[in-house]
Amino acid sequence: GSLQELERARAIFEMAVNQETLDMPEMLWKAFIDFEIKNKAHSRVRALYDRLLKRTKHVRVWISRAQFEASLNEVKAARSVFEKADKYFKAEGDSGKEERVMLVESWLDFETNYGSNKTVEEVRKRLPRRVKNQRLVKGEFEDGSDSYYEEYYDYIFPDEDKKQNTFKLLEMARKWKK
């Protein structure tokens, strides 16, 4: 019976996720992971997340991996996932900013539910400031102009502030020199 059915279902999932082109790979991976969670095969769930994170570094995958650990009350393991993900998105620089904001907000929720006042405060200190900025957009526009400034919101993380300040000082020094 049921053990053979489990193995057969696993084999089908394996064949499916190993295909080169998938229409909606995230749905398939989620179904496979949910299947293993339902069967309480926790080490298989972890292995699947590890394989998935080799293919994609999507922020939702990191968060869902951390939430899985939290659901088992594996607080240290969950925190470790958040820390690894934060390092990854920090290294991505500007291209990983939006994801990093989502990640740190999820991490804060996690610490609020599973952590202590101390860990909540540590994560709260990682939250970015939201700043309004302007950037030059070039092109050909209906009014005949070839550029305009658009406003956008940027996020400055505390661990970036130091870099920003150094840059601003250098910029000011350069202007002053002129």
# chains A, B, ... in the order shown; residues from 1 in each chain; ligands from 1
>>> residues_around(residues="Arg124 in chain A", least_positions_apart="6", cutoff="9 Å", atoms="only C-alpha atoms", output="short mmCIF file (atom, residue, chain, number, x, y, z; two decimals) with N, CA and C atoms, in the first residue's frame")
data_model
loop_
_atom_site.label_atom_id
_atom_site.label_comp_id
_atom_site.auth_asym_id
_atom_site.auth_seq_id
_atom_site.Cartn_x
_atom_site.Cartn_y
_atom_site.Cartn_z
N VAL A 104 13.10 41.61 5.69
CA VAL A 104 13.30 42.13 7.05
C VAL A 104 11.95 42.31 7.75
N GLU A 105 10.92 42.72 6.99
CA GLU A 105 9.58 42.85 7.58
C GLU A 105 9.05 41.48 8.03
N LEU A 108 10.90 40.46 11.11
CA LEU A 108 10.40 41.16 12.29
C LEU A 108 9.12 40.49 12.81
#
>>> closest_atom_pairs(of="range 73-138 of chain A", to="range 45-58 of chain A", cutoff="12 Å", atoms="only C-alpha atoms", output="Markdown table")
| residue | atom | partner | partner_atom | distance |
| --- | --- | --- | --- | --- |
| A:Ala77 | CA | A:Arg46 | CA | 10.7 |
| A:Ala78 | CA | A:Arg46 | CA | 11.4 |
| A:Val81 | CA | A:Asp50 | CA | 10.8 |
| A:Lys84 | CA | A:Lys57 | CA | 11.1 |
| A:Ala85 | CA | A:Lys57 | CA | 8.5 |
| A:Asp86 | CA | A:Lys57 | CA | 11.3 |
| A:Lys87 | CA | A:Lys57 | CA | 11.9 |
| A:Tyr88 | CA | A:Lys57 | CA | 8.5 |
| A:Phe89 | CA | A:Lys57 | CA | 9.0 |
| A:Glu92 | CA | A:Lys57 | CA | 10.8 |
| A:Gly96 | CA | A:His58 | CA | 9.9 |
| A:Glu98 | CA | A:His58 | CA | 11.4 |
| A:Glu99 | CA | A:His58 | CA | 8.1 |
| A:Arg100 | CA | A:His58 | CA | 10.6 |
| A:Met102 | CA | A:His58 | CA | 11.1 |
| A:Leu103 | CA | A:His58 | CA | 10.4 |
>>> closest_residue(among="A:Lys118, A:Arg135, A:Lys97, A:Lys175", to="Ile156 in chain A", atoms="only C-alpha atoms")
A:Lys97
>>> closest_residue(among="A:Gln134, A:Gly139, A:Glu20, A:Lys38", to="Tyr153 in chain A", atoms="only C-alpha atoms")
A:Gln134
>>> closest_residue(among="A:Tyr155, A:Trp29, A:Phe35, A:Trp176", to="Ser95 in chain A", atoms="only C-alpha atoms")
A:Tyr155
>>> decode(residues="range 30-76 of chain A", atoms="C-alpha atoms", output="mmCIF file, in the first residue's frame")
data_model
loop_
_atom_site.group_PDB
_atom_site.id
_atom_site.type_symbol
_atom_site.label_atom_id
_atom_site.label_comp_id
_atom_site.auth_asym_id
_atom_site.auth_seq_id
_atom_site.Cartn_x
_atom_site.Cartn_y
_atom_site.Cartn_z
ATOM 1 C CA LYS A 30 5.156 24.370 -3.724
ATOM 2 C CA ALA A 31 2.972 21.298 -4.288
ATOM 3 C CA PHE A 32 5.993 19.003 -3.819
ATOM 4 C CA ILE A 33 7.034 20.801 -0.622
ATOM 5 C CA ASP A 34 3.450 20.802 0.737
ATOM 6 C CA PHE A 35 3.212 17.066 -0.063
ATOM 7 C CA GLU A 36 6.341 16.362 2.026
ATOM 8 C CA ILE A 37 5.130 18.642 4.840
ATOM 9 C CA LYS A 38 1.811 16.774 4.919
ATOM 10 C CA ASN A 39 3.767 13.509 5.163
ATOM 11 C CA LYS A 40 5.896 14.984 7.982
ATOM 12 C CA ALA A 41 9.062 14.286 5.969
ATOM 13 C CA HIS A 42 10.863 17.307 7.395
ATOM 14 C CA SER A 43 14.361 16.421 6.216
ATOM 15 C CA ARG A 44 12.975 15.975 2.693
ATOM 16 C CA VAL A 45 11.292 19.389 2.964
ATOM 17 C CA ARG A 46 14.625 20.977 3.914
ATOM 18 C CA ALA A 47 16.384 19.199 1.043
ATOM 19 C CA LEU A 48 13.736 20.444 -1.403
ATOM 20 C CA TYR A 49 14.109 24.020 -0.174
ATOM 21 C CA ASP A 50 17.891 23.722 -0.545
ATOM 22 C CA ARG A 51 17.500 22.478 -4.133
ATOM 23 C CA LEU A 52 14.974 25.209 -4.926
ATOM 24 C CA LEU A 53 17.247 27.916 -3.496
ATOM 25 C CA LYS A 54 19.991 26.719 -5.848
ATOM 26 C CA ARG A 55 17.631 27.450 -8.775
ATOM 27 C CA THR A 56 16.034 30.662 -7.561
ATOM 28 C CA LYS A 57 16.804 33.135 -4.824
ATOM 29 C CA HIS A 58 13.273 34.529 -4.794
ATOM 30 C CA VAL A 59 12.530 36.266 -1.480
ATOM 31 C CA ARG A 60 9.280 34.299 -1.039
ATOM 32 C CA VAL A 61 11.218 31.018 -1.137
ATOM 33 C CA TRP A 62 13.543 32.213 1.638
ATOM 34 C CA ILE A 63 10.595 33.455 3.721
ATOM 35 C CA SER A 64 8.619 30.276 3.229
ATOM 36 C CA ARG A 65 11.663 28.190 4.233
ATOM 37 C CA ALA A 66 12.020 30.251 7.425
ATOM 38 C CA GLN A 67 8.281 29.941 8.140
ATOM 39 C CA PHE A 68 8.522 26.173 7.710
ATOM 40 C CA GLU A 69 11.255 26.034 10.374
ATOM 41 C CA ALA A 70 9.198 28.322 12.620
ATOM 42 C CA SER A 71 6.145 26.067 12.227
ATOM 43 C CA LEU A 72 8.246 23.261 13.771
ATOM 44 C CA ASN A 73 9.381 25.635 16.534
ATOM 45 C CA GLU A 74 12.911 25.442 15.120
ATOM 46 C CA VAL A 75 13.543 29.079 16.060
ATOM 47 C CA LYS A 76 17.334 28.975 15.586
#
